[in-house]
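Below is one structure, written out as structure tokens; the observations come after it.
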Amino acid sequence: DDIAKLWEADLEGKVLAAPEYCHANFTKYFTEIFWTNPVWGRTFEGKRPCYFNTGVMVVDMEKWRRGGYKEKIEEWMEMQKRNRIYDLGSLPPFLLVFAGEIKGI
């Protein structure tokens with residue numbers, strides 16, 4: 001396919017758009033420490049979290065910067081260093097920040 005289609009993607013007011021898969025089991029991404037914490041364990045409450053491909057994202061950089069999203073992701077990464085709240089790769093901190101808040105493409 002043509003990458004130009006990504007450039008033309010309508011983010012519909014969202015900060016980012018990415019391919020989504022909404023049937024993922026999120027319990028496997030996060031540790032028991034995460035799920036048993038009374039605050040962290042409620043992170044996805046009321047949201048429709050979908051797995052999304054962080055390697056293929058369209059980002060509104062102005063909204064990204066204004067919203068401090070880099071810092072929000074880094075906060076979760078720092079939490080990971082202190083508490084080991086997730087097991088797998090780079091997706092979990094993005095899920096924690098953007099779950100249910102991306103435009104699926």
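Ligands are numbered from 1 in the order shown, residues from 1 within each chain, and chains are lettered A, B, ... in the order they appear in the structure tokens.
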Go through segment 8-34 of chain A and flag each residue having an atom no more than 9 Å from segment 94-102 of chain A; for those, report the closest pair of atoms plus their distance in Å to one decimal, using only C-alpha atoms, ordered by chain and rising number, as a Markdown table.
| residue | atom | partner | partner_atom | distance |
| --- | --- | --- | --- | --- |
| A:Leu11 | CA | A:Ile102 | CA | 8.1 |
| A:Lys14 | CA | A:Ile102 | CA | 6.0 |
| A:Val15 | CA | A:Ile102 | CA | 6.9 |
| A:Leu16 | CA | A:Ile102 | CA | 5.5 |
| A:Ala17 | CA | A:Ile102 | CA | 5.4 |
| A:Ala18 | CA | A:Ile102 | CA | 7.1 |
| A:Glu20 | CA | A:Ile102 | CA | 8.8 |
Restricting it to all heavy atoms, dump the selection as a compact mmCIF listing (two decimals), in the first residue's frame.
# COMPACT_ATOMS: atom_id res chain seq x y z
N LEU A 11 -7.42 12.66 11.66
CA LEU A 11 -7.28 12.25 13.05
C LEU A 11 -8.53 12.55 13.88
O LEU A 11 -8.62 12.15 15.03
CB LEU A 11 -6.05 12.91 13.69
CG LEU A 11 -4.72 12.20 13.47
CD1 LEU A 11 -4.31 12.12 12.02
CD2 LEU A 11 -3.63 12.84 14.30
N LYS A 14 -8.07 13.76 17.35
CA LYS A 14 -7.20 12.96 18.23
C LYS A 14 -5.74 13.35 18.05
O LYS A 14 -5.37 13.97 17.05
CB LYS A 14 -7.35 11.47 17.92
CG LYS A 14 -8.76 10.95 18.00
CD LYS A 14 -9.22 10.79 19.41
CE LYS A 14 -10.59 10.11 19.46
NZ LYS A 14 -11.08 9.95 20.79
N VAL A 15 -4.92 12.99 19.00
CA VAL A 15 -3.48 13.26 18.93
C VAL A 15 -2.82 12.31 17.96
O VAL A 15 -1.89 12.69 17.25
CB VAL A 15 -2.83 13.16 20.33
CG1 VAL A 15 -1.32 13.32 20.24
CG2 VAL A 15 -3.42 14.18 21.27
N LEU A 16 -3.29 11.06 17.92
CA LEU A 16 -2.66 10.11 17.01
C LEU A 16 -3.65 9.13 16.43
O LEU A 16 -4.72 8.90 16.97
CB LEU A 16 -1.49 9.38 17.68
CG LEU A 16 -1.69 8.38 18.80
CD1 LEU A 16 -1.98 7.01 18.24
CD2 LEU A 16 -0.45 8.31 19.64
N ALA A 17 -3.24 8.59 15.29
CA ALA A 17 -3.99 7.54 14.60
C ALA A 17 -3.03 6.39 14.34
O ALA A 17 -1.85 6.59 14.11
CB ALA A 17 -4.55 8.08 13.28
N ALA A 18 -3.57 5.17 14.41
CA ALA A 18 -2.75 3.97 14.19
C ALA A 18 -3.66 2.79 13.90
O ALA A 18 -4.83 2.81 14.26
CB ALA A 18 -1.89 3.69 15.43
N GLU A 20 -5.44 -0.49 14.70
CA GLU A 20 -5.86 -1.01 16.00
C GLU A 20 -6.27 -2.48 15.92
O GLU A 20 -6.73 -2.96 14.90
CB GLU A 20 -7.10 -0.27 16.50
CG GLU A 20 -6.91 1.14 16.90
CD GLU A 20 -8.20 1.73 17.45
OE1 GLU A 20 -9.19 1.82 16.69
OE2 GLU A 20 -8.21 2.08 18.62
(Q) Applying 10 Å and only C-alpha atoms, which residues near Gly55 of chain A remain after dropping the ones on its own chain fewer than 2 positions away? List them as an NGL selection string. (A) :A and (18-19 or 52-53 or 57-58 or 90-91)
Suppose we keep all heavy atoms; can you now write the selection as a short mmCIF file (atom, residue, chain, number, x, y, z; two decimals), in the first residue's frame?
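Writing the result to out33.cif gives the following:
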data_model
loop_
_atom_site.label_atom_id
_atom_site.label_comp_id
_atom_site.auth_asym_id
_atom_site.auth_seq_id
_atom_site.Cartn_x
_atom_site.Cartn_y
_atom_site.Cartn_z
N ALA A 18 -3.57 5.17 14.41
CA ALA A 18 -2.75 3.97 14.19
C ALA A 18 -3.66 2.79 13.90
O ALA A 18 -4.83 2.81 14.26
CB ALA A 18 -1.89 3.69 15.43
N PRO A 19 -3.11 1.74 13.27
CA PRO A 19 -3.89 0.51 13.11
C PRO A 19 -4.21 -0.07 14.49
O PRO A 19 -3.34 -0.09 15.37
CB PRO A 19 -2.94 -0.41 12.34
CG PRO A 19 -1.96 0.51 11.69
CD PRO A 19 -1.81 1.66 12.62
N PHE A 52 -2.45 -1.14 19.56
CA PHE A 52 -2.19 -0.44 18.32
C PHE A 52 -0.71 -0.50 17.99
O PHE A 52 0.13 -0.69 18.86
CB PHE A 52 -2.70 1.01 18.34
CG PHE A 52 -2.08 1.90 19.38
CD1 PHE A 52 -0.99 2.70 19.08
CD2 PHE A 52 -2.60 1.94 20.66
CE1 PHE A 52 -0.43 3.53 20.03
CE2 PHE A 52 -2.04 2.78 21.62
CZ PHE A 52 -0.96 3.58 21.31
N ASN A 53 -0.43 -0.38 16.72
CA ASN A 53 0.93 -0.54 16.21
C ASN A 53 1.71 0.76 16.39
O ASN A 53 1.50 1.72 15.65
CB ASN A 53 0.86 -0.95 14.73
CG ASN A 53 2.21 -1.28 14.16
OD1 ASN A 53 3.25 -0.91 14.71
ND2 ASN A 53 2.20 -1.97 13.05
N MET A 57 2.30 5.02 13.23
CA MET A 57 1.42 6.01 13.84
C MET A 57 1.47 7.31 13.04
O MET A 57 2.51 7.67 12.49
CB MET A 57 1.86 6.34 15.27
CG MET A 57 1.83 5.19 16.23
SD MET A 57 2.13 5.68 17.95
CE MET A 57 3.71 6.50 17.88
N VAL A 58 0.34 7.99 13.01
CA VAL A 58 0.26 9.34 12.48
C VAL A 58 0.01 10.22 13.69
O VAL A 58 -0.94 9.99 14.45
CB VAL A 58 -0.88 9.48 11.46
CG1 VAL A 58 -0.97 10.92 10.96
CG2 VAL A 58 -0.69 8.52 10.30
N SER A 90 7.66 -1.69 24.09
CA SER A 90 7.38 -0.27 24.09
C SER A 90 5.89 0.07 24.08
O SER A 90 5.51 1.21 24.32
CB SER A 90 8.04 0.39 22.87
OG SER A 90 7.51 -0.15 21.68
N LEU A 91 5.02 -0.88 23.80
CA LEU A 91 3.60 -0.59 23.72
C LEU A 91 2.94 -0.18 25.05
O LEU A 91 2.16 0.76 25.06
CB LEU A 91 2.84 -1.78 23.11
CG LEU A 91 1.33 -1.61 22.98
CD1 LEU A 91 0.98 -0.44 22.08
CD2 LEU A 91 0.70 -2.90 22.49
#
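With only C-alpha atoms as the basis for measurement, A:Ile85 is the residue among A:Leu6, A:Ile105, A:Met77, A:Ile85 that approaches Phe30 of chain A most closely.
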task: Run DSSP on the backbone and grab whatever in segment 42-96 of chain A lands in strand (DSSP E); send it over as a list in words.
output: Tyr51, Phe52, Val58 and Val59 of chain A
For N, CA, C and O atoms, I'd like the residues from the last selection saved as a compact mmCIF listing (two decimals), in the first residue's frame.
# COMPACT_ATOMS: atom_id res chain seq x y z
N TYR A 51 -5.08 -2.60 21.35
CA TYR A 51 -3.69 -2.72 20.93
C TYR A 51 -3.54 -1.88 19.68
O TYR A 51 -4.43 -1.86 18.82
N PHE A 52 -2.45 -1.14 19.56
CA PHE A 52 -2.19 -0.44 18.32
C PHE A 52 -0.71 -0.50 17.99
O PHE A 52 0.13 -0.69 18.86
N VAL A 58 0.34 7.99 13.01
CA VAL A 58 0.26 9.34 12.48
C VAL A 58 0.01 10.22 13.69
O VAL A 58 -0.94 9.99 14.45
N VAL A 59 0.87 11.22 13.90
CA VAL A 59 0.80 12.04 15.11
C VAL A 59 0.62 13.51 14.75
O VAL A 59 1.33 14.03 13.89
Practice prompt. Would you list, as a PyMOL selection string, the residues of chain A that end up in helix (DSSP H, G or I) under DSSP run on this structure's backbone?
Written response: chain A and resi 4-7+26-28+32-36+40-42+61-66+69-83+91-98
Between atom CA of Gly46 of chain A and atom CA of Lys28 of chain A lies a distance of 19.3 Å
Residue with the minimum atom-to-atom distance to Lys72 of chain A, picked from A:Lys103, A:Glu8, A:Phe44, A:Pro93 with only C-alpha atoms counted, is A:Pro93
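The coordinates place atom CA of Cys22 of chain A at 27.0 Å from atom CA of Glu62 of chain A.
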Of A:Ala4, A:Ala9, A:Cys50, A:Ile33, the one nearest to Pro92 of chain A when counting only C-alpha atoms is A:Cys50
